[in-house]
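The structure file model.csv is reproduced below (CSV, C-alpha atoms).
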chain,number,residue,atom,x,y,z
P,11,MET,CA,1.9,-4.1,6.7
P,12,LEU,CA,2.9,-0.6,5.5
P,13,HIS,CA,2.4,1.1,2.1
P,14,CYS,CA,5.8,1.5,0.6
P,15,SER,CA,5.4,5.3,0.2
P,16,PHE,CA,5.2,5.7,4.0
P,17,ASP,CA,8.9,5.0,4.2
P,18,ARG,CA,9.4,7.9,1.8
P,19,ASP,CA,6.7,10.3,3.0
P,20,LEU,CA,7.2,9.9,6.7
P,21,THR,CA,10.9,9.1,7.3
P,22,TRP,CA,13.1,10.7,4.7
P,23,ARG,CA,12.9,14.2,6.0
P,24,THR,CA,11.5,13.8,9.6
P,25,GLY,CA,13.6,11.0,11.0
P,26,VAL,CA,10.5,9.2,12.2
P,27,GLN,CA,11.0,5.4,12.7
P,28,LEU,CA,8.4,3.0,11.5
P,29,VAL,CA,7.7,-0.3,13.3
P,30,PRO,CA,5.5,-2.6,11.2
P,31,VAL,CA,2.6,-4.5,12.7
P,32,VAL,CA,3.4,-8.0,11.6
P,33,CYS,CA,0.4,-9.7,10.0
P,34,ALA,CA,0.3,-13.3,8.7
P,35,SER,CA,-1.2,-15.0,5.7
P,36,SER,CA,-2.6,-17.7,8.0
P,37,ASN,CA,-5.4,-15.3,8.9
P,38,ASN,CA,-5.4,-13.3,5.6
P,39,PHE,CA,-3.1,-10.6,7.0
P,40,LYS,CA,-5.8,-9.3,9.4
P,41,ILE,CA,-4.7,-6.9,12.2
P,42,THR,CA,-5.1,-8.5,15.6
P,43,LYS,CA,-4.8,-7.2,19.1
P,44,SER,CA,-1.8,-9.5,19.7
P,45,ALA,CA,0.0,-8.2,16.6
P,46,LEU,CA,-0.5,-4.6,17.8
P,47,GLU,CA,0.8,-5.5,21.3
P,48,ASP,CA,3.8,-7.3,19.8
P,49,ALA,CA,4.7,-4.3,17.6
P,50,TYR,CA,4.3,-1.9,20.6
P,51,ARG,CA,6.5,-4.2,22.7
P,52,GLU,CA,9.1,-4.4,20.0
P,53,ALA,CA,9.3,-0.6,19.8
P,54,GLN,CA,9.7,-0.3,23.6
P,55,GLU,CA,12.5,-2.8,23.6
P,56,LYS,CA,14.3,-0.7,20.9
P,57,ASN,CA,13.7,2.4,23.0
P,58,ILE,CA,11.4,3.9,20.4
P,59,ARG,CA,8.7,6.1,21.8
P,60,VAL,CA,5.4,5.2,20.1
P,61,ASN,CA,3.4,8.3,19.3
P,62,GLY,CA,0.8,6.8,16.9
P,63,LEU,CA,-0.6,4.0,14.8
P,64,LEU,CA,-0.9,4.5,11.0
P,65,ILE,CA,-3.4,2.3,9.0
P,66,THR,CA,-4.8,2.2,5.5
P,67,ASN,CA,-8.4,1.3,5.0
P,68,PRO,CA,-9.0,-0.2,2.5
P,69,SER,CA,-5.5,-1.6,2.7
P,70,ASN,CA,-2.7,-0.9,0.3
P,71,PRO,CA,-1.2,-3.4,-0.7
P,72,LEU,CA,-3.7,-6.0,0.4
P,73,GLY,CA,-6.8,-4.8,-1.3
P,74,THR,CA,-9.0,-5.6,1.7
P,75,ILE,CA,-11.1,-3.6,4.1
P,76,LEU,CA,-11.1,-3.5,7.9
P,77,ASP,CA,-14.3,-4.7,9.4
P,78,ARG,CA,-16.1,-2.8,12.1
P,79,GLN,CA,-14.9,-5.2,14.8
P,80,THR,CA,-11.3,-4.8,13.8
P,81,LEU,CA,-11.6,-1.0,13.8
P,82,LYS,CA,-13.2,-1.1,17.3
P,83,GLY,CA,-10.2,-3.1,18.5
P,84,ILE,CA,-7.8,-0.6,16.9
P,85,VAL,CA,-9.6,2.3,18.5
P,86,SER,CA,-9.6,0.6,21.9
P,87,PHE,CA,-5.8,-0.1,21.5
P,88,ILE,CA,-4.8,3.5,20.8
P,89,ASN,CA,-7.0,4.8,23.6
P,90,GLU,CA,-5.4,2.3,26.0
P,91,LYS,CA,-1.9,3.3,25.0
P,92,ASN,CA,-2.9,7.0,24.6
P,93,ILE,CA,-1.4,7.2,21.2
P,94,HIS,CA,-2.7,8.8,18.0
P,95,LEU,CA,-4.4,7.0,15.2
P,96,VAL,CA,-4.0,8.2,11.6
P,97,CYS,CA,-6.3,6.4,9.2
P,98,ASP,CA,-5.7,6.7,5.5
P,99,GLU,CA,-9.0,6.2,3.7
P,100,ILE,CA,-7.9,7.2,0.2
P,101,TYR,CA,-9.5,4.0,-1.3
P,102,ALA,CA,-12.8,4.4,0.5
P,103,ALA,CA,-15.0,4.3,-2.6
P,104,THR,CA,-13.2,1.4,-4.4
P,105,VAL,CA,-15.0,-1.4,-2.4
P,106,PHE,CA,-16.3,-3.4,-5.4
P,107,THR,CA,-18.1,-6.4,-3.8
P,108,ASN,CA,-21.7,-6.1,-2.6
P,109,GLN,CA,-21.1,-8.5,0.3
P,110,HIS,CA,-18.8,-5.9,2.1
P,111,ASN,CA,-19.4,-2.3,2.9
P,112,PHE,CA,-16.7,0.2,3.8
P,113,VAL,CA,-16.7,1.3,7.4
P,114,SER,CA,-14.9,4.5,8.2
P,115,VAL,CA,-13.2,4.9,11.6
P,116,SER,CA,-15.3,8.0,12.0
P,117,GLU,CA,-18.4,5.8,12.3
P,118,VAL,CA,-16.7,3.7,14.9
P,119,ILE,CA,-15.7,6.5,17.2
P,120,GLU,CA,-19.2,8.1,16.9
P,121,GLU,CA,-20.5,4.9,18.5
P,122,ASP,CA,-17.8,4.9,21.2
P,123,THR,CA,-18.6,7.5,23.7
P,124,GLU,CA,-15.5,6.8,25.8
P,125,CYS,CA,-13.1,7.3,22.9
P,126,ASN,CA,-10.7,10.2,23.1
P,127,ARG,CA,-11.5,11.8,19.7
P,128,ASN,CA,-8.5,14.1,19.9
P,129,LEU,CA,-6.4,11.1,19.1
P,130,VAL,CA,-8.1,10.2,15.8
P,131,HIS,CA,-7.2,11.7,12.4
P,132,ILE,CA,-8.4,10.8,8.9
P,133,VAL,CA,-6.6,11.6,5.6
P,134,TYR,CA,-8.2,11.4,2.2
P,135,SER,CA,-7.7,12.4,-1.4
P,136,LEU,CA,-9.6,12.5,-4.7
P,137,SER,CA,-6.7,10.9,-6.5
P,138,LYS,CA,-8.0,7.3,-6.3
P,139,ASP,CA,-11.7,7.3,-5.9
P,140,MET,CA,-12.3,10.0,-8.5
P,141,GLY,CA,-9.2,9.3,-10.6
P,142,LEU,CA,-7.8,12.8,-10.1
P,143,PRO,CA,-4.1,12.4,-8.9
P,144,GLY,CA,-2.9,15.3,-10.9
P,145,PHE,CA,-5.2,17.7,-9.1
P,146,ARG,CA,-3.2,17.2,-5.9
P,147,VAL,CA,-6.3,17.6,-3.6
P,148,GLY,CA,-5.9,16.1,-0.2
P,149,ILE,CA,-8.0,16.3,2.9
P,150,ILE,CA,-7.2,16.0,6.7
P,151,TYR,CA,-10.2,15.4,8.9
P,152,SER,CA,-9.3,15.6,12.6
P,153,TYR,CA,-11.1,16.0,15.9
P,154,ASN,CA,-8.0,17.7,17.3
P,155,ASP,CA,-8.1,21.5,17.0
P,156,ALA,CA,-4.3,21.7,17.4
P,157,VAL,CA,-3.8,19.3,14.4
P,158,VAL,CA,-6.3,21.2,12.3
P,159,ASN,CA,-4.7,24.5,13.0
P,160,CYS,CA,-1.2,23.2,12.2
P,161,ALA,CA,-2.4,21.6,9.0
P,162,ARG,CA,-4.1,24.8,8.0
P,163,LYS,CA,-0.8,26.7,8.4
P,164,MET,CA,1.2,24.0,6.6
P,165,SER,CA,-1.3,24.0,3.7
P,166,SER,CA,0.0,27.4,2.6
P,167,PHE,CA,3.0,25.5,1.1
P,168,GLY,CA,0.8,23.4,-1.1
P,169,LEU,CA,-2.4,25.4,-1.8
P,170,VAL,CA,-5.0,24.1,-4.3
P,171,SER,CA,-5.6,26.7,-7.0
P,172,SER,CA,-8.9,28.6,-7.0
P,173,GLN,CA,-9.6,27.3,-10.5
P,174,THR,CA,-9.2,23.7,-9.2
P,175,GLN,CA,-11.3,24.4,-6.2
P,176,HIS,CA,-14.1,25.8,-8.4
P,177,LEU,CA,-14.0,22.8,-10.7
P,178,ILE,CA,-13.9,20.2,-7.8
P,179,ALA,CA,-16.8,22.0,-6.0
P,180,ALA,CA,-18.9,21.9,-9.1
P,181,MET,CA,-18.2,18.3,-9.8
P,182,LEU,CA,-18.8,17.1,-6.2
P,183,SER,CA,-22.1,19.1,-6.1
P,184,ASP,CA,-23.4,17.0,-8.9
P,185,ASP,CA,-24.6,14.0,-6.8
P,186,GLU,CA,-26.0,12.2,-9.9
P,187,PHE,CA,-22.6,12.3,-11.7
P,188,VAL,CA,-20.6,11.3,-8.6
P,189,ASP,CA,-22.9,8.4,-7.8
P,190,ARG,CA,-22.8,7.2,-11.4
P,191,PHE,CA,-19.0,7.6,-11.7
P,192,ILE,CA,-18.3,5.6,-8.5
P,193,ALA,CA,-20.8,2.9,-9.4
P,194,LYS,CA,-19.2,2.5,-12.8
P,195,SER,CA,-15.8,2.5,-11.3
P,196,LYS,CA,-16.7,-0.3,-8.8
P,197,GLU,CA,-18.3,-2.3,-11.6
P,198,ARG,CA,-15.1,-2.1,-13.7
P,199,LEU,CA,-12.8,-2.8,-10.7
P,200,ASP,CA,-14.9,-5.9,-9.9
P,201,LYS,CA,-14.7,-7.2,-13.4
P,202,ARG,CA,-11.0,-6.5,-13.7
P,203,HIS,CA,-10.2,-8.1,-10.4
P,204,LYS,CA,-12.1,-11.3,-11.4
P,205,ASP,CA,-10.6,-11.4,-14.9
P,206,PHE,CA,-7.1,-11.0,-13.6
P,207,THR,CA,-7.3,-13.4,-10.6
P,208,GLU,CA,-9.0,-16.0,-12.8
P,209,GLY,CA,-6.2,-15.7,-15.3
P,210,LEU,CA,-3.7,-16.3,-12.6
P,211,LYS,CA,-5.6,-19.3,-11.3
P,212,GLN,CA,-5.2,-20.9,-14.7
P,213,VAL,CA,-1.5,-21.2,-14.0
P,214,GLU,CA,-1.9,-22.1,-10.4
P,215,ILE,CA,-1.1,-18.7,-8.9
P,216,ASP,CA,-3.2,-17.7,-5.9
P,217,CYS,CA,-4.1,-14.2,-4.6
P,218,LEU,CA,-5.4,-12.9,-1.4
P,219,ASN,CA,-9.2,-12.6,-1.6
P,220,GLY,CA,-9.5,-8.9,-2.1
P,221,ASN,CA,-12.6,-6.7,-2.3
P,222,ALA,CA,-11.3,-3.2,-2.7
P,223,GLY,CA,-8.5,-1.0,-4.0
P,224,LEU,CA,-6.7,-1.0,-7.4
P,225,PHE,CA,-4.4,-4.0,-7.0
P,226,VAL,CA,-4.1,-7.7,-6.1
P,227,TRP,CA,-1.8,-9.3,-3.5
P,228,MET,CA,-0.2,-12.2,-5.5
P,229,ASP,CA,1.3,-15.2,-3.8
P,230,LEU,CA,4.5,-16.5,-5.6
P,231,HIS,CA,6.2,-18.1,-2.7
P,232,LYS,CA,6.2,-21.5,-4.5
P,233,LEU,CA,8.5,-20.0,-7.2
P,234,LEU,CA,11.2,-19.0,-4.7
P,235,LYS,CA,14.3,-21.1,-4.7
P,236,ASP,CA,14.2,-20.8,-0.9
P,237,GLN,CA,11.9,-19.0,1.5
P,238,SER,CA,14.0,-15.8,2.0
P,239,PHE,CA,13.7,-12.2,1.1
P,240,GLU,CA,16.9,-12.6,-1.0
P,241,ALA,CA,15.1,-15.1,-3.1
P,242,GLU,CA,12.1,-12.8,-3.3
P,243,MET,CA,14.3,-10.1,-4.7
P,244,GLU,CA,15.8,-12.5,-7.3
P,245,LEU,CA,12.4,-13.4,-8.4
P,246,TRP,CA,11.3,-9.8,-8.6
P,247,LYS,CA,14.3,-9.0,-10.9
P,248,VAL,CA,13.2,-11.9,-13.1
P,249,ILE,CA,9.7,-10.5,-13.3
P,250,ILE,CA,11.0,-7.0,-14.1
P,251,ASN,CA,13.7,-7.9,-16.5
P,252,LYS,CA,12.6,-11.1,-18.1
P,253,ILE,CA,8.8,-11.2,-18.0
P,254,LYS,CA,8.7,-7.3,-18.3
P,255,LEU,CA,6.0,-6.7,-15.8
P,256,ASN,CA,6.1,-4.0,-13.2
P,257,VAL,CA,5.2,-5.4,-9.8
P,258,SER,CA,6.2,-4.6,-6.2
P,259,PRO,CA,7.8,-7.1,-3.9
P,260,GLY,CA,6.2,-7.7,-0.5
P,261,SER,CA,9.4,-6.7,1.3
P,262,SER,CA,8.9,-3.1,0.1
P,263,PHE,CA,5.7,-3.1,2.2
P,264,HIS,CA,7.4,-4.7,5.2
P,265,CYS,CA,5.7,-8.0,4.6
P,266,SER,CA,6.9,-10.6,7.1
P,267,GLU,CA,6.6,-13.5,4.6
P,268,PRO,CA,8.7,-13.7,1.4
P,269,GLY,CA,7.0,-14.4,-1.9
P,270,TRP,CA,4.1,-11.9,-1.9
P,271,PHE,CA,3.8,-9.3,-4.7
P,272,ARG,CA,1.5,-6.4,-5.3
P,273,VAL,CA,0.1,-6.0,-8.8
P,274,CYS,CA,-1.7,-2.9,-9.9
P,275,ILE,CA,-4.6,-3.9,-12.1
P,276,ALA,CA,-6.5,-0.6,-12.6
P,277,ASN,CA,-3.8,1.3,-14.6
P,278,MET,CA,-4.1,-0.6,-17.9
P,279,ASP,CA,-6.7,-1.3,-20.5
P,280,ASP,CA,-8.1,-4.8,-21.3
P,281,SER,CA,-5.7,-5.5,-24.1
P,282,THR,CA,-2.7,-4.6,-21.9
P,283,MET,CA,-4.1,-6.9,-19.1
P,284,GLU,CA,-4.3,-9.8,-21.6
P,285,VAL,CA,-0.7,-9.2,-22.6
P,286,ALA,CA,0.4,-9.2,-19.0
P,287,LEU,CA,-1.5,-12.5,-18.4
P,288,SER,CA,-0.1,-14.1,-21.5
P,289,ARG,CA,3.5,-13.2,-20.4
P,290,ILE,CA,2.8,-14.7,-16.9
P,291,ARG,CA,1.3,-17.9,-18.5
P,292,ASP,CA,4.3,-18.3,-20.9
P,293,PHE,CA,6.7,-17.9,-18.0
P,294,MET,CA,4.9,-20.4,-15.8
P,295,HIS,CA,4.6,-23.0,-18.5
P,296,GLN,CA,8.2,-22.6,-19.5
P,297,ASN,CA,9.3,-22.8,-15.8
P,298,LYS,CA,7.1,-25.9,-15.3
P,299,ASP,CA,8.3,-27.7,-18.4
P,300,GLN,CA,11.9,-27.1,-17.7
P,301,ASN,CA,11.4,-28.1,-14.0
P,302,THR,CA,14.2,-25.8,-13.0
P,303,GLU,CA,14.5,-23.1,-10.4
P,304,VAL,CA,13.9,-19.5,-11.3
P,305,LYS,CA,17.2,-17.9,-12.5
P,306,MET,CA,18.3,-14.5,-13.3
P,307,PRO,CA,18.4,-13.5,-17.0
P,308,ALA,CA,21.9,-13.8,-18.5
P,309,ARG,CA,22.2,-10.2,-19.6
P,310,LYS,CA,23.6,-7.5,-17.3
P,311,LEU,CA,21.1,-5.6,-15.3
P,312,CYS,CA,20.9,-1.9,-15.0
P,313,ARG,CA,22.4,-0.3,-11.9
P,314,GLN,CA,19.3,0.5,-10.0
P,315,SER,CA,17.7,-2.9,-10.5
P,316,SER,CA,20.7,-4.9,-9.2
P,317,LEU,CA,21.3,-3.4,-5.8
P,318,LYS,CA,20.6,-5.6,-2.9
P,319,LEU,CA,21.9,-9.1,-3.5
P,320,SER,CA,25.6,-8.5,-4.2
P,321,LEU,CA,26.2,-6.3,-1.2
P,322,SER,CA,26.2,-6.9,2.5
P,323,ARG,CA,23.5,-5.1,4.6
P,324,GLY,CA,25.9,-2.4,5.7
P,325,LYS,CA,27.2,-1.8,2.2
P,326,VAL,CA,23.6,-1.7,0.9
P,327,GLU,CA,22.7,1.1,3.3
P,328,ASP,CA,25.9,3.0,2.5
P,329,PHE,CA,25.4,2.6,-1.2
P,330,MET,CA,21.8,3.8,-1.0
P,331,SER,CA,22.6,6.7,1.2
P,332,GLN,CA,25.3,7.8,-1.2
P,333,ASN,CA,23.0,7.4,-4.2
P,334,ASN,CA,20.0,9.1,-2.4
P,335,MET,CA,17.9,6.0,-2.3
P,336,SER,CA,15.5,4.4,0.3
P,337,PRO,CA,16.6,1.1,1.9
P,338,ARG,CA,13.1,-0.2,1.5
P,339,THR,CA,12.4,0.6,-2.1
P,340,PRO,CA,14.5,0.7,-5.3
P,341,ILE,CA,12.9,4.0,-6.3
P,342,PRO,CA,15.3,6.9,-6.0
P,343,HIS,CA,14.6,10.0,-4.0
P,344,SER,CA,13.0,12.8,-6.1
P,345,PRO,CA,15.5,15.6,-7.0
P,346,LEU,CA,12.8,18.0,-5.8
P,347,VAL,CA,13.1,16.5,-2.3
P,348,ARG,CA,16.8,17.2,-2.4
P,349,ALA,CA,16.3,20.7,-3.6
P,350,ARG,CA,13.9,21.5,-0.7
P,351,THR,CA,16.1,20.1,2.0

Would you give me this structure, written as structure tokens?
Amino acid sequence: MLHCSFDRDLTWRTGVQLVPVVCASSNNFKITKSALEDAYREAQEKNIRVNGLLITNPSNPLGTILDRQTLKGIVSFINEKNIHLVCDEIYAATVFTNQHNFVSVSEVIEEDTECNRNLVHIVYSLSKDMGLPGFRVGIIYSYNDAVVNCARKMSSFGLVSSQTQHLIAAMLSDDEFVDRFIAKSKERLDKRHKDFTEGLKQVEIDCLNGNAGLFVWMDLHKLLKDQSFEAEMELWKVIINKIKLNVSPGSSFHCSEPGWFRVCIANMDDSTMEVALSRIRDFMHQNKDQNTEVKMPARKLCRQSSLKLSLSRGKVEDFMSQNNMSPRTPIPHSPLVRART
């Protein structure tokens, strides 16, 4: 499973190819050694040289954390293959259940004396845990001097202002404030997650049992007219255009099973959440009463939201290339990206 922005951030300008590690709902989308081996073998069969493994922990879009044993298996795998590991830990302080604690990959490799630490790199930001996306403060933590030196040189193209650095340093130095802020954030995330998932259960919609992050992984495969990604896209368009809710289809995250959707739950107040749940309930009741398959609304859709189904795969790629769009997401390229290339 890959965060949808990886397609944009890693491939649009570099030409890097992404090979998803296929995870299944049967084991709650956990990363297994066999799944890693299958992805590695698939890349080799396609003559793709594998240079690294990229993971998010806690996971986006799943809203789950990787346990210590899974992380040990991942570290063992990248050492065995002699490839790099990039671990995105941007949601590290959003684990909101007391039964689970976040484990950083840095803790795992400190315990593994045989691990080649030059292969391990961690990225982090204040945008999620501290709610400061506009400050554009990112961190690269690497045991590899070459990577650190390269990152230091590249950072000159996106420096953090001295005023921002001073403010951030003052804020992070206040341990009492930071502890109180994170504790309150976790408390609110826990309540919001419970309220939203309970609201979905009332209309027989299940979600993956999450414990971190700002979203839920919602299972709508029962609403698909058939178990295909084409049907998933049809349902997604209904949700966007008829129910008027902004969710992300699982296919944009390279999910191997159609019918899963990511719902961001932390970017709205309580009243907005109630509106969202009421719309979902109304739609589910209407769909159940009519006992009909989900259909597209009659009105004509806008250009960007009606891309995929009416075109063949080749024409889709041509169309998206001509209109500066990613084949994995309906979000167009930023004009700033075009200006810099």

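Each of P:Glu214, P:Asp236, P:Asp122, P:Glu242 was checked against P:Lys82 using only C-alpha atoms; the smallest atom-to-atom distance is that of P:Asp122.
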
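Considering only C-alpha atoms, the residue among P:Leu72, P:Ile150, P:Val213, P:Val188 positioned nearest to P:Ser258 is P:Leu72.
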
Residues at most 12 Å from P:Thr107, counting all atoms listed in the file, excluding those fewer than 3 positions away in the same chain, as number ranges by chain? P: 73-75, 103-104, 110-112, 193, 195-201, 203-204, 219-223

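Here atom CA of P:Pro30 and atom CA of P:Arg146 stand 27.6 Å from one another.
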
Which of these residues is nearest to P:Ser86, using all atoms listed in the file: P:Ala49, P:Cys125, P:Ile100, P:Phe191?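 Once distances to P:Ser86 are computed over all atoms listed in the file, the minimum belongs to P:Cys125.
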
So which one's closest to P:Ser116, P:Leu95, P:Val31, P:Ile253, P:Ala53? Using all atoms listed in the file, please.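 Of P:Leu95, P:Val31, P:Ile253, P:Ala53, the one nearest P:Ser116 is P:Leu95, counting all atoms listed in the file.
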
For the atom pair atom CA of P:Glu47 and atom CA of P:Cys33, what is the interatomic distance in Å to one decimal place? 12.1 Å

Write out as a CSV table (one decimal) with C-alpha atoms, in the frame of the given file the residues lying within 7 Å of stretch 130-137 of chain P, counting only C-alpha atoms and excluding same-chain residues fewer than 3 positions away.
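Okay, around12.csv is ready:
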chain,number,residue,atom,x,y,z
P,94,HIS,CA,-2.7,8.8,18.0
P,95,LEU,CA,-4.4,7.0,15.2
P,96,VAL,CA,-4.0,8.2,11.6
P,97,CYS,CA,-6.3,6.4,9.2
P,98,ASP,CA,-5.7,6.7,5.5
P,99,GLU,CA,-9.0,6.2,3.7
P,100,ILE,CA,-7.9,7.2,0.2
P,127,ARG,CA,-11.5,11.8,19.7
P,140,MET,CA,-12.3,10.0,-8.5
P,141,GLY,CA,-9.2,9.3,-10.6
P,142,LEU,CA,-7.8,12.8,-10.1
P,143,PRO,CA,-4.1,12.4,-8.9
P,147,VAL,CA,-6.3,17.6,-3.6
P,148,GLY,CA,-5.9,16.1,-0.2
P,149,ILE,CA,-8.0,16.3,2.9
P,150,ILE,CA,-7.2,16.0,6.7
P,151,TYR,CA,-10.2,15.4,8.9
P,152,SER,CA,-9.3,15.6,12.6
P,153,TYR,CA,-11.1,16.0,15.9

Between atom CA of P:Asn89 and atom CA of P:Glu117, distance in Å (one decimal): 16.1 Å

Excluding same-chain residues fewer than 5 positions from P:Ser36, what lies within 12 Å of it counting only C-alpha atoms, as a list in words? Ile41, Leu218, Ser266 and Glu267 of chain P

In terms of only C-alpha atoms, the residue from P:Lys43, P:Ile192, P:Gln27, P:Asn159 at minimal distance from P:Asn57 is P:Gln27

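The residue that comes closest to P:Cys274, out of P:Met228, P:Ile249, P:Val32, P:Ala241 and on the basis of all atoms listed in the file, is P:Met228.
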
12 Å contact set for P:Ser288, all atoms listed in the file, chain neighbours under 4 positions out, as a PyMOL selection string: chain P and resi 206+209-210+212-213+253-255+281-284+292-295
